[in-house]
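One file, protein19.txt, is given below (compact mmCIF, C-alpha atoms and all ligand atoms).
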# COMPACT_ATOMS: atom_id res chain seq x y z
CA MET G 1 -22.53 -41.70 -16.91
CA THR G 2 -25.20 -40.41 -19.24
CA LYS G 3 -25.87 -36.76 -19.99
CA ILE G 4 -29.46 -35.70 -20.46
CA LEU G 5 -31.01 -32.29 -21.15
CA ALA G 6 -34.31 -31.38 -19.49
CA ILE G 7 -36.06 -28.71 -21.56
CA ASN G 8 -38.97 -26.39 -20.84
CA ALA G 9 -39.70 -24.33 -23.97
CA GLY G 10 -42.17 -21.46 -23.73
CA SER G 11 -43.28 -19.14 -26.52
CA SER G 12 -40.45 -16.68 -25.82
CA SER G 13 -38.21 -18.60 -23.45
CA LEU G 14 -36.15 -21.77 -23.24
CA LYS G 15 -35.19 -23.16 -19.84
CA PHE G 16 -32.71 -26.00 -19.65
CA GLN G 17 -30.88 -28.20 -17.21
CA LEU G 18 -28.13 -30.66 -18.10
CA LEU G 19 -28.12 -33.65 -15.75
CA GLU G 20 -25.84 -36.61 -15.34
CA MET G 21 -27.89 -39.76 -14.92
CA PRO G 22 -28.54 -41.95 -13.06
CA ALA G 23 -26.73 -39.90 -10.39
CA GLU G 24 -29.17 -37.00 -11.01
CA THR G 25 -26.34 -34.48 -10.72
CA VAL G 26 -27.09 -31.07 -12.25
CA LEU G 27 -24.07 -30.12 -14.38
CA THR G 28 -25.44 -26.81 -15.56
CA GLU G 29 -28.66 -24.88 -16.01
CA GLY G 30 -29.82 -21.73 -17.65
CA ILE G 31 -32.41 -19.84 -19.63
CA VAL G 32 -32.84 -17.91 -22.86
CA GLU G 33 -35.49 -15.22 -22.46
CA ARG G 34 -37.07 -12.75 -24.92
CA ILE G 35 -36.68 -15.13 -27.87
CA GLY G 36 -37.87 -13.24 -30.94
CA PHE G 37 -36.17 -10.00 -29.92
CA SER G 38 -32.87 -8.33 -30.80
CA ASP G 39 -32.00 -8.04 -27.10
CA ALA G 40 -32.67 -11.59 -25.91
CA LYS G 41 -31.07 -12.58 -22.60
CA PHE G 42 -29.08 -15.77 -22.17
CA LYS G 43 -27.90 -16.98 -18.77
CA ILE G 44 -26.01 -20.17 -17.98
CA GLU G 45 -24.73 -21.30 -14.58
CA PHE G 46 -22.24 -24.02 -13.75
CA GLY G 47 -20.69 -24.49 -10.36
CA ASP G 48 -20.13 -21.00 -8.97
CA GLU G 49 -19.80 -19.48 -12.42
CA GLU G 50 -22.49 -17.59 -14.25
CA ILE G 51 -22.39 -16.19 -17.77
CA LYS G 52 -24.91 -13.61 -18.96
CA VAL G 53 -25.18 -12.47 -22.57
CA THR G 54 -27.58 -10.13 -24.37
CA GLU G 55 -27.85 -10.69 -28.10
CA GLU G 56 -30.24 -11.13 -31.00
CA VAL G 57 -32.16 -14.43 -30.79
CA LEU G 58 -34.94 -14.39 -33.34
CA ASP G 59 -36.13 -17.99 -32.98
CA HIS G 60 -35.81 -21.18 -30.93
CA THR G 61 -33.28 -22.66 -33.40
CA LYS G 62 -30.94 -19.80 -32.57
CA ALA G 63 -31.64 -20.24 -28.84
CA VAL G 64 -30.70 -23.93 -29.08
CA ASP G 65 -27.47 -22.96 -30.94
CA LEU G 66 -26.61 -20.58 -28.15
CA VAL G 67 -27.18 -23.18 -25.44
CA MET G 68 -25.34 -25.99 -27.22
CA ASN G 69 -22.34 -23.83 -28.16
CA ALA G 70 -22.10 -22.57 -24.57
CA LEU G 71 -21.98 -26.18 -23.32
CA VAL G 72 -19.10 -27.03 -25.66
CA ASP G 73 -17.23 -23.72 -25.29
CA ASN G 74 -17.23 -24.06 -21.51
CA ASN G 75 -16.11 -27.71 -21.66
CA ILE G 76 -19.29 -28.94 -20.00
CA VAL G 77 -19.58 -31.43 -22.86
CA ALA G 78 -16.79 -32.34 -25.29
CA SER G 79 -19.17 -32.58 -28.26
CA PHE G 80 -22.91 -32.60 -29.03
CA ASP G 81 -22.78 -36.42 -29.28
CA GLU G 82 -22.28 -36.69 -25.55
CA ILE G 83 -25.90 -35.68 -24.97
CA VAL G 84 -27.84 -38.87 -25.56
CA GLY G 85 -31.27 -37.84 -24.34
CA VAL G 86 -33.42 -34.70 -24.43
CA GLY G 87 -36.56 -34.62 -22.29
CA HIS G 88 -39.16 -32.00 -23.15
CA ARG G 89 -41.89 -30.67 -20.91
CA VAL G 90 -45.14 -30.74 -22.90
CA VAL G 91 -48.11 -29.06 -21.27
CA HIS G 92 -51.05 -30.92 -22.79
CA GLY G 93 -51.19 -34.64 -23.50
CA GLY G 94 -55.00 -34.73 -23.63
CA GLU G 95 -56.43 -38.24 -23.26
CA LYS G 96 -53.75 -39.62 -25.56
CA PHE G 97 -50.81 -39.66 -23.17
CA ALA G 98 -50.96 -41.23 -19.71
CA LYS G 99 -47.18 -41.40 -19.50
CA SER G 100 -44.03 -40.05 -21.10
CA VAL G 101 -43.20 -41.19 -24.65
CA VAL G 102 -40.31 -41.22 -27.09
CA ILE G 103 -41.07 -38.55 -29.69
CA THR G 104 -41.52 -40.20 -33.10
CA PRO G 105 -42.99 -38.30 -36.07
CA GLU G 106 -46.40 -39.88 -35.24
CA MET G 107 -46.18 -38.78 -31.59
CA LEU G 108 -45.22 -35.27 -32.68
CA ALA G 109 -48.24 -35.15 -34.98
CA THR G 110 -50.49 -36.15 -32.06
CA ILE G 111 -48.95 -33.46 -29.82
CA GLU G 112 -49.59 -30.97 -32.64
CA GLU G 113 -53.24 -32.06 -32.82
CA LEU G 114 -53.54 -31.40 -29.08
CA SER G 115 -52.51 -27.76 -29.58
CA ASP G 116 -56.22 -27.08 -29.93
CA LEU G 117 -56.54 -27.77 -26.18
CA ALA G 118 -53.48 -25.72 -25.18
CA PRO G 119 -52.99 -23.06 -27.85
CA LEU G 120 -50.62 -21.00 -25.70
CA HIS G 121 -48.38 -23.86 -24.62
CA ASN G 122 -48.15 -26.89 -26.93
CA PRO G 123 -47.01 -24.92 -30.02
CA ALA G 124 -44.11 -23.47 -28.00
CA ASN G 125 -43.20 -26.92 -26.66
CA ILE G 126 -43.25 -28.27 -30.24
CA THR G 127 -40.96 -25.49 -31.43
CA GLY G 128 -38.46 -26.56 -28.77
CA ILE G 129 -38.75 -30.23 -29.76
CA LYS G 130 -38.09 -29.42 -33.42
CA ALA G 131 -35.15 -27.13 -32.71
CA PHE G 132 -33.38 -29.77 -30.60
CA ALA G 133 -34.19 -32.56 -33.10
CA GLU G 134 -32.34 -30.53 -35.74
CA LYS G 135 -29.31 -29.90 -33.56
CA LEU G 136 -29.12 -33.29 -31.80
CA PRO G 137 -30.58 -35.80 -34.30
CA HIS G 138 -28.79 -38.71 -32.57
CA ALA G 139 -30.34 -38.04 -29.14
CA THR G 140 -33.48 -39.79 -27.91
CA ALA G 141 -36.19 -37.14 -27.51
CA VAL G 142 -38.86 -37.74 -24.88
CA ALA G 143 -42.08 -35.85 -24.14
CA VAL G 144 -43.10 -35.53 -20.48
CA PHE G 145 -46.67 -34.27 -20.12
CA ASP G 146 -48.08 -32.01 -17.38
CA THR G 147 -51.41 -33.79 -17.72
CA ALA G 148 -50.17 -37.42 -17.74
CA PHE G 149 -50.11 -38.05 -13.99
CA HIS G 150 -53.80 -37.10 -13.74
CA GLN G 151 -54.93 -39.54 -16.42
CA THR G 152 -55.67 -42.05 -13.63
CA MET G 153 -58.61 -39.90 -12.44
CA PRO G 154 -61.91 -41.78 -12.53
CA GLU G 155 -64.84 -40.50 -14.58
CA VAL G 156 -66.54 -39.10 -11.48
CA SER G 157 -63.55 -36.81 -11.03
CA TYR G 158 -62.83 -35.83 -14.61
CA LEU G 159 -66.30 -35.44 -16.09
CA TYR G 160 -68.05 -32.09 -15.75
CA PRO G 161 -71.75 -32.31 -15.03
CA ILE G 162 -72.56 -30.75 -18.40
CA LYS G 163 -74.26 -32.22 -21.45
CA ASN G 164 -72.18 -35.36 -22.13
CA GLU G 165 -72.30 -34.88 -25.88
CA LEU G 166 -69.77 -32.06 -25.42
CA TYR G 167 -67.33 -34.48 -23.82
CA LYS G 168 -67.88 -37.01 -26.61
CA LYS G 169 -67.52 -34.43 -29.39
CA TYR G 170 -64.77 -32.20 -28.03
CA ALA G 171 -63.20 -34.03 -25.05
CA ILE G 172 -64.31 -31.24 -22.71
CA ARG G 173 -63.35 -32.62 -19.28
CA LYS G 174 -60.97 -32.03 -16.42
CA TYR G 175 -57.34 -32.77 -17.35
CA GLY G 176 -55.35 -31.16 -14.55
CA PHE G 177 -51.82 -29.78 -14.78
CA HIS G 178 -48.55 -29.63 -12.76
CA GLY G 179 -48.68 -33.44 -12.94
CA THR G 180 -44.91 -33.85 -13.01
CA SER G 181 -44.65 -31.87 -9.78
CA HIS G 182 -47.55 -33.63 -8.03
CA LYS G 183 -45.99 -36.97 -8.99
CA PHE G 184 -42.52 -36.00 -7.77
CA VAL G 185 -43.59 -34.72 -4.36
CA SER G 186 -46.19 -37.45 -3.74
CA GLU G 187 -43.60 -40.17 -4.53
CA ARG G 188 -41.23 -38.54 -2.08
CA ALA G 189 -43.94 -38.20 0.59
CA ILE G 190 -44.74 -41.90 0.28
CA GLU G 191 -41.09 -42.60 1.13
CA LEU G 192 -41.36 -40.38 4.21
CA ILE G 193 -44.52 -41.86 5.77
CA ASP G 194 -44.90 -45.15 7.52
CA VAL G 195 -47.72 -46.48 5.33
CA PRO G 196 -47.50 -49.06 2.50
CA ALA G 197 -47.38 -47.23 -0.85
CA GLU G 198 -50.55 -48.92 -2.19
CA GLU G 199 -52.57 -47.75 0.82
CA SER G 200 -51.14 -44.23 1.00
CA LYS G 201 -53.35 -41.12 0.84
CA ILE G 202 -51.56 -37.88 0.06
CA ILE G 203 -52.81 -34.36 -0.68
CA THR G 204 -50.27 -32.34 -2.67
CA VAL G 205 -50.47 -28.55 -2.66
CA HIS G 206 -48.44 -26.97 -5.49
CA ILE G 207 -48.60 -23.19 -5.04
CA GLY G 208 -46.45 -20.90 -7.17
CA ASN G 209 -47.69 -18.23 -9.57
CA GLY G 210 -50.07 -20.89 -10.79
CA GLY G 211 -51.34 -23.41 -8.30
CA SER G 212 -53.16 -26.70 -7.97
CA LEU G 213 -53.87 -29.49 -5.53
CA ALA G 214 -54.04 -33.22 -6.15
CA ALA G 215 -55.59 -36.10 -4.24
CA VAL G 216 -53.17 -39.01 -4.60
CA LYS G 217 -54.31 -42.50 -3.56
CA GLY G 218 -51.87 -45.41 -3.68
CA GLY G 219 -49.51 -43.23 -5.72
CA LYS G 220 -52.17 -42.36 -8.33
CA SER G 221 -53.90 -39.04 -8.90
CA ILE G 222 -57.63 -39.45 -8.34
CA ASP G 223 -58.58 -35.78 -8.43
CA THR G 224 -56.99 -32.38 -9.01
CA SER G 225 -58.11 -28.78 -8.81
CA MET G 226 -57.15 -27.46 -12.25
CA GLY G 227 -59.53 -28.42 -15.00
CA PHE G 228 -60.00 -28.24 -18.75
CA THR G 229 -57.49 -25.38 -18.54
CA PRO G 230 -55.17 -24.08 -15.80
CA LEU G 231 -57.73 -21.40 -14.91
CA ALA G 232 -59.78 -23.64 -12.60
CA GLY G 233 -59.37 -24.47 -8.92
CA ILE G 234 -57.69 -22.38 -6.24
CA MET G 235 -57.00 -18.64 -6.36
CA MET G 236 -53.62 -17.94 -8.00
CA GLY G 237 -51.25 -15.01 -8.64
CA THR G 238 -53.37 -13.49 -11.42
CA ARG G 239 -55.95 -16.25 -12.11
CA SER G 240 -59.29 -16.35 -10.34
CA GLY G 241 -59.63 -20.11 -9.99
CA ASP G 242 -63.23 -21.36 -9.69
CA VAL G 243 -65.97 -18.78 -10.25
CA ASP G 244 -69.57 -19.03 -11.39
CA PRO G 245 -69.24 -19.20 -15.21
CA ALA G 246 -72.24 -16.86 -15.51
CA VAL G 247 -69.89 -14.10 -14.34
CA ILE G 248 -68.28 -14.16 -17.80
CA PRO G 249 -71.15 -12.92 -19.99
CA TYR G 250 -72.05 -10.44 -17.27
CA ILE G 251 -68.54 -8.91 -17.28
CA MET G 252 -68.65 -8.81 -21.08
CA GLU G 253 -71.89 -6.91 -21.08
CA LYS G 254 -71.09 -4.50 -18.25
CA GLU G 255 -67.48 -3.76 -19.26
CA GLY G 256 -68.08 -3.85 -23.03
CA LEU G 257 -65.55 -6.65 -23.51
CA ASP G 258 -65.36 -9.44 -26.04
CA ILE G 259 -64.69 -13.01 -24.90
CA ASN G 260 -60.91 -12.54 -25.02
CA GLY G 261 -61.22 -9.44 -22.87
CA ALA G 262 -63.36 -11.24 -20.31
CA MET G 263 -60.99 -14.23 -20.21
CA ASP G 264 -58.12 -11.79 -19.77
CA VAL G 265 -59.83 -10.46 -16.64
CA LEU G 266 -60.03 -13.96 -15.16
CA ASN G 267 -56.56 -15.10 -16.29
CA LYS G 268 -54.46 -11.99 -15.87
CA GLN G 269 -56.24 -9.44 -13.68
CA SER G 270 -57.68 -11.58 -10.90
CA GLY G 271 -56.31 -13.73 -8.07
CA LEU G 272 -53.91 -12.10 -5.61
CA LEU G 273 -53.41 -9.19 -8.02
CA GLY G 274 -57.12 -8.60 -8.54
CA ILE G 275 -58.09 -8.59 -4.87
CA SER G 276 -55.03 -6.77 -3.47
CA GLU G 277 -55.09 -4.28 -6.38
CA LYS G 278 -51.36 -4.29 -5.83
CA SER G 279 -49.37 -7.36 -6.90
CA SER G 280 -49.56 -11.00 -7.93
CA ASP G 281 -46.40 -11.75 -5.96
CA MET G 282 -46.89 -13.25 -2.51
CA ARG G 283 -43.90 -11.34 -1.13
CA ASP G 284 -45.60 -8.02 -1.99
CA ILE G 285 -48.84 -9.20 -0.40
CA GLU G 286 -46.97 -10.07 2.81
CA ALA G 287 -45.29 -6.65 2.73
CA GLY G 288 -48.76 -5.10 2.27
CA ILE G 289 -50.04 -6.92 5.35
CA ALA G 290 -47.04 -5.72 7.36
CA ALA G 291 -47.98 -2.17 6.27
CA ASP G 292 -51.58 -2.76 7.47
CA GLU G 293 -53.15 -2.75 4.01
CA LYS G 294 -56.64 -4.17 4.28
CA MET G 295 -56.96 -5.58 0.76
CA SER G 296 -53.62 -7.41 1.01
CA LYS G 297 -54.90 -9.13 4.14
CA ILE G 298 -58.16 -10.08 2.45
CA ALA G 299 -56.29 -11.39 -0.61
CA TYR G 300 -54.11 -13.49 1.69
CA ASP G 301 -57.00 -14.93 3.67
CA LEU G 302 -59.03 -15.68 0.56
CA PHE G 303 -56.01 -17.41 -0.98
CA ALA G 304 -55.57 -19.60 2.12
CA LYS G 305 -59.29 -20.32 2.49
CA ARG G 306 -59.64 -21.59 -1.05
CA ILE G 307 -56.71 -23.98 -0.57
CA ALA G 308 -58.03 -25.20 2.79
CA ASP G 309 -61.47 -25.79 1.27
CA TYR G 310 -59.93 -27.95 -1.46
CA ILE G 311 -58.00 -29.89 1.17
CA GLY G 312 -61.31 -30.47 2.96
CA SER G 313 -62.85 -31.73 -0.23
CA TYR G 314 -59.92 -34.10 -0.90
CA LEU G 315 -60.07 -35.46 2.64
CA VAL G 316 -63.54 -36.65 1.67
CA THR G 317 -62.39 -37.90 -1.76
CA LEU G 318 -59.54 -39.88 -0.19
CA GLY G 319 -61.36 -40.88 3.00
CA GLY G 320 -58.73 -39.13 5.14
CA ALA G 321 -55.07 -38.41 4.48
CA ASP G 322 -51.69 -39.62 5.69
CA ALA G 323 -49.91 -36.44 4.63
CA ILE G 324 -50.35 -32.97 3.18
CA VAL G 325 -47.41 -31.75 1.09
CA PHE G 326 -46.59 -28.14 0.22
CA THR G 327 -44.42 -27.31 -2.78
CA ALA G 328 -43.48 -24.63 -5.40
CA GLY G 329 -42.60 -20.96 -4.76
CA ILE G 330 -45.21 -20.16 -2.10
CA GLY G 331 -45.52 -23.72 -0.76
CA GLU G 332 -41.78 -23.96 -0.20
CA ASN G 333 -41.18 -20.39 1.02
CA GLY G 334 -44.37 -19.30 2.76
CA PRO G 335 -44.45 -20.40 6.43
CA GLU G 336 -47.30 -18.02 7.24
CA VAL G 337 -49.55 -19.26 4.42
CA ARG G 338 -48.85 -22.86 5.45
CA ARG G 339 -49.65 -22.05 9.08
CA ILE G 340 -52.98 -20.40 8.26
CA ILE G 341 -54.02 -23.35 6.09
CA LEU G 342 -52.91 -26.03 8.54
CA GLU G 343 -54.51 -24.30 11.53
CA LYS G 344 -57.87 -24.75 9.82
CA LEU G 345 -57.28 -28.51 10.09
CA ALA G 346 -56.64 -28.52 13.84
CA PHE G 347 -60.10 -30.03 14.46
CA LEU G 348 -58.84 -33.19 12.71
CA GLY G 349 -55.94 -33.52 15.14
CA LEU G 350 -53.39 -31.94 12.80
CA THR G 351 -50.73 -30.12 14.83
CA ILE G 352 -47.88 -27.90 13.62
CA ASN G 353 -44.20 -27.95 14.53
CA HIS G 354 -43.77 -24.17 14.35
CA GLU G 355 -40.00 -24.20 14.49
CA ASN G 356 -39.80 -26.54 11.50
CA ASN G 357 -42.52 -24.63 9.70
CA ASN G 358 -40.50 -21.43 10.03
CA THR G 359 -37.97 -22.57 7.45
CA ARG G 360 -37.86 -21.96 3.72
CA GLY G 361 -36.93 -23.92 0.64
CA LYS G 362 -35.93 -27.26 2.13
CA GLU G 363 -37.51 -30.64 2.70
CA ILE G 364 -38.90 -30.82 6.22
CA GLU G 365 -41.72 -32.32 8.28
CA ILE G 366 -43.80 -29.41 9.59
CA SER G 367 -46.47 -31.32 11.56
CA GLY G 368 -46.05 -31.97 15.27
CA PRO G 369 -44.97 -35.38 16.62
CA ASP G 370 -48.51 -36.11 17.85
CA SER G 371 -50.22 -34.94 14.63
CA LYS G 372 -52.95 -37.23 13.22
CA ILE G 373 -52.07 -36.10 9.69
CA LYS G 374 -48.47 -35.42 8.73
CA ALA G 375 -47.49 -32.27 6.85
CA PHE G 376 -44.34 -31.75 4.82
CA VAL G 377 -42.56 -29.19 2.70
CA ILE G 378 -40.99 -30.98 -0.27
CA PRO G 379 -39.24 -28.80 -2.87
CA THR G 380 -40.46 -29.82 -6.30
CA ASN G 381 -38.07 -30.81 -9.07
CA GLU G 382 -39.72 -31.19 -12.45
CA GLU G 383 -36.34 -31.34 -14.23
CA ILE G 384 -35.31 -34.47 -12.34
CA MET G 385 -38.60 -36.12 -13.27
CA ILE G 386 -38.05 -35.21 -16.93
CA ALA G 387 -34.49 -36.58 -16.79
CA ARG G 388 -35.62 -39.78 -15.02
CA ASP G 389 -38.30 -40.50 -17.60
CA THR G 390 -35.91 -39.73 -20.48
CA PHE G 391 -33.21 -41.95 -18.95
CA SER G 392 -35.71 -44.80 -18.62
CA PHE G 393 -36.04 -44.94 -22.42
CA LEU G 394 -32.31 -45.22 -23.09
CA GLY G 395 -31.32 -48.84 -23.61
P1 LIG D 401 -44.17 -20.42 -11.16
O1 LIG D 401 -45.55 -20.92 -11.01
O2 LIG D 401 -44.05 -19.24 -12.08
O3 LIG D 401 -43.11 -21.49 -11.37
P2 LIG D 401 -42.96 -20.18 -8.52
O4 LIG D 401 -43.15 -21.62 -8.14
O5 LIG D 401 -41.58 -19.68 -8.71
O6 LIG D 401 -43.85 -19.76 -9.73
O7 LIG D 401 -43.65 -19.30 -7.35
C1 LIG D 401 -43.72 -17.91 -7.39
C2 LIG D 401 -44.40 -17.42 -6.10
O8 LIG D 401 -43.60 -17.83 -4.99
C3 LIG D 401 -44.54 -15.91 -6.02
O9 LIG D 401 -45.83 -15.56 -5.55
C4 LIG D 401 -43.51 -15.53 -4.98
O10 LIG D 401 -43.88 -14.40 -4.26
C5 LIG D 401 -43.52 -16.76 -4.08
N1 LIG D 401 -42.31 -16.76 -3.27
C6 LIG D 401 -41.05 -16.96 -3.66
N2 LIG D 401 -40.19 -16.77 -2.63
C7 LIG D 401 -40.95 -16.42 -1.57
C8 LIG D 401 -40.69 -16.09 -0.21
N3 LIG D 401 -39.44 -16.06 0.25
N4 LIG D 401 -41.74 -15.80 0.60
C9 LIG D 401 -43.01 -15.82 0.15
N5 LIG D 401 -43.33 -16.12 -1.12
C10 LIG D 401 -42.32 -16.42 -1.96
Show this structure as structure tokens.
Amino acid sequence: MTKILAINAGSSSLKFQLLEMPAETVLTEGIVERIGFSDAKFKIEFGDEEIKVTEEVLDHTKAVDLVMNALVDNNIVASFDEIVGVGHRVVHGGEKFAKSVVITPEMLATIEELSDLAPLHNPANITGIKAFAEKLPHATAVAVFDTAFHQTMPEVSYLYPIKNELYKKYAIRKYGFHGTSHKFVSERAIELIDVPAEESKIITVHIGNGGSLAAVKGGKSIDTSMGFTPLAGIMMGTRSGDVDPAVIPYIMEKEGLDINGAMDVLNKQSGLLGISEKSSDMRDIEAGIAADEKMSKIAYDLFAKRIADYIGSYLVTLGGADAIVFTAGIGENGPEVRRIILEKLAFLGLTINHENNNTRGKEIEISGPDSKIKAFVIPTNEEIMIARDTFSFLG
């Protein structure tokens, strides 16, 4: 059995899962939060046990120390050498990475160059890569990119209808994100439908705090709703999704904001939060509706409409669909949101199995037996994808 760490390093957090491969058993998982502070929080879970510690963690190197020592101290691994692979989530692979790669110094340099496209994410991912390379120099390090799955999009999907020189000079185009999740749930959906994989047409709906859809044909992404950045597409927790770009200079002028201020409005003060004027969390919006709050209801309906409209668009892109798959926090736990979206597709012969739809957090078929298009809930698992890809590089 082979032990592999799946790592998601953010600017102030480090999430990890230790998996045994190829069995895909999760041995332990945890998180270090508030890295950079004197009161950082470390949590690790194994079996029914959970350990929580608050202590000073000023950088990612210290966070990695904490994680690795906890693994040894709790006898989860006998020594560091037992971990032979470390898979890292990397947000932006640009046009350079269409699949996961072993991280060599050259690859790391390329990921660093791509920080220009994802200034908030790639530098944090790189910090994690470097910290683990120091601690586990013997382990094979692998980068798994959020953008990679969408690199199969054709030009007509990824090009923006703007002056092409900007694409040639700066690679301004649609990249798409959540690729690891869209890949995981679409692969699973293909196993669940009675259609040959190469002919399959799947629409994946990943809705958490961030959200995106993908049109997946024959197992390949041919379009997705996020764009050059994760701001595009559907309405999200705090992000607007698609708006007329001319809104930006207008907000700047009227509100006396600079470009960062205006982008902050669209990234952090919009979406469910912006419309409800209450919360970015779907549970609070549902509570607001139960309390008869008008703006919560409008936020909810707008959220569902924007997703349904994208599904409509991808039905055209794909020429129909065999299945629609819901995943991530809201997709897995929001029966009401799923119902509202799917009811808009009744005219296509899509029917709902309401009893199945009224469940949360587990894989289930939620379309009716007579439905012309199947619908599923498939819990996403990005860590397993990271571990699978990392395992595939070990001899
Ligand atoms: P992230 O994009 O940060 O990974 P998640 O996938 O965890 O986010 O999704 C977070 C969203 O899922 C929140 O809007 C939260 O309200 C929603 N969510 C989680 N559990 C439930 C639930 N039981 N009912 C409705 N929404 C839920």
Within 6 Å of ligand LIG 401 (chain D), which residues of chain G show up? Give each one with its shortest atom-to-atom distance in Å (one decimal) and the two atoms involved, counting all atoms listed in the file, rows by chain then rising residue number, as CSV.
residue,atom,partner,partner_atom,distance
G:Gly208,CA,D:LIG401,O7,3.2
G:Asn209,CA,D:LIG401,O1,3.7
G:Gly210,CA,D:LIG401,O1,4.5
G:Asp281,CA,D:LIG401,O9,3.9
G:Met282,CA,D:LIG401,O10,3.7
G:Arg283,CA,D:LIG401,O10,4.4
G:Ala328,CA,D:LIG401,O4,4.1
G:Gly329,CA,D:LIG401,O7,3.3
G:Ile330,CA,D:LIG401,O8,4.0
G:Asn333,CA,D:LIG401,C8,4.5
G:Gly334,CA,D:LIG401,C9,4.6
Kindly save the residues from that selection, with C-alpha atoms included, as a CSV table (one decimal), in the frame of the given file.
chain,number,residue,atom,x,y,z
G,208,GLY,CA,-46.4,-20.9,-7.2
G,209,ASN,CA,-47.7,-18.2,-9.6
G,210,GLY,CA,-50.1,-20.9,-10.8
G,281,ASP,CA,-46.4,-11.8,-6.0
G,282,MET,CA,-46.9,-13.2,-2.5
G,283,ARG,CA,-43.9,-11.3,-1.1
G,328,ALA,CA,-43.5,-24.6,-5.4
G,329,GLY,CA,-42.6,-21.0,-4.8
G,330,ILE,CA,-45.2,-20.2,-2.1
G,333,ASN,CA,-41.2,-20.4,1.0
G,334,GLY,CA,-44.4,-19.3,2.8
Any idea what's packed within 10 Å of G:Asp309, counting all atoms listed in the file, ignoring anything in its chain fewer than 4 positions away? Could you give it as a ChimeraX atom specification?
/G:234,304-305,313-315,341,344
Kindly save the residues from that selection, with C-alpha atoms included, as a JSON list (two decimals), in the frame of the given file.
[["chain", "number", "residue", "atom", "x", "y", "z"],
["G", 234, "ILE", "CA", -57.69, -22.38, -6.24],
["G", 304, "ALA", "CA", -55.57, -19.60, 2.12],
["G", 305, "LYS", "CA", -59.29, -20.32, 2.49],
["G", 313, "SER", "CA", -62.85, -31.73, -0.23],
["G", 314, "TYR", "CA", -59.92, -34.10, -0.90],
["G", 315, "LEU", "CA", -60.07, -35.46, 2.64],
["G", 341, "ILE", "CA", -54.02, -23.35, 6.09],
["G", 344, "LYS", "CA", -57.87, -24.75, 9.82]]
Please identify all polymer residues lying at most 9 Å from the point (-56.8, -18.2, -10.2) (file coordinates), using only C-alpha atoms, and present the result as a ChimeraX atom specification.
/G:210-211,230-242,266-268,270-272
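Atom CA of G:Val32 is found 25.5 Å from atom CA of G:Val101.
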Counting all atoms listed in the file, what is within 8 Å of stretch 157-162 of chain G, bar same-chain residues fewer than 5 positions away, as an NGL selection string?
:G and (167 or 172-175 or 222-223)
Could you save those same residues with C-alpha atoms as a short mmCIF file (atom, residue, chain, number, x, y, z; two decimals), in the frame of the given file?
data_model
loop_
_atom_site.label_atom_id
_atom_site.label_comp_id
_atom_site.auth_asym_id
_atom_site.auth_seq_id
_atom_site.Cartn_x
_atom_site.Cartn_y
_atom_site.Cartn_z
CA TYR G 167 -67.33 -34.48 -23.82
CA ILE G 172 -64.31 -31.24 -22.71
CA ARG G 173 -63.35 -32.62 -19.28
CA LYS G 174 -60.97 -32.03 -16.42
CA TYR G 175 -57.34 -32.77 -17.35
CA ILE G 222 -57.63 -39.45 -8.34
CA ASP G 223 -58.58 -35.78 -8.43
#
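Interatomic distance, atom CA of G:Ser212 to atom CA of G:Val325: 11.9 Å.
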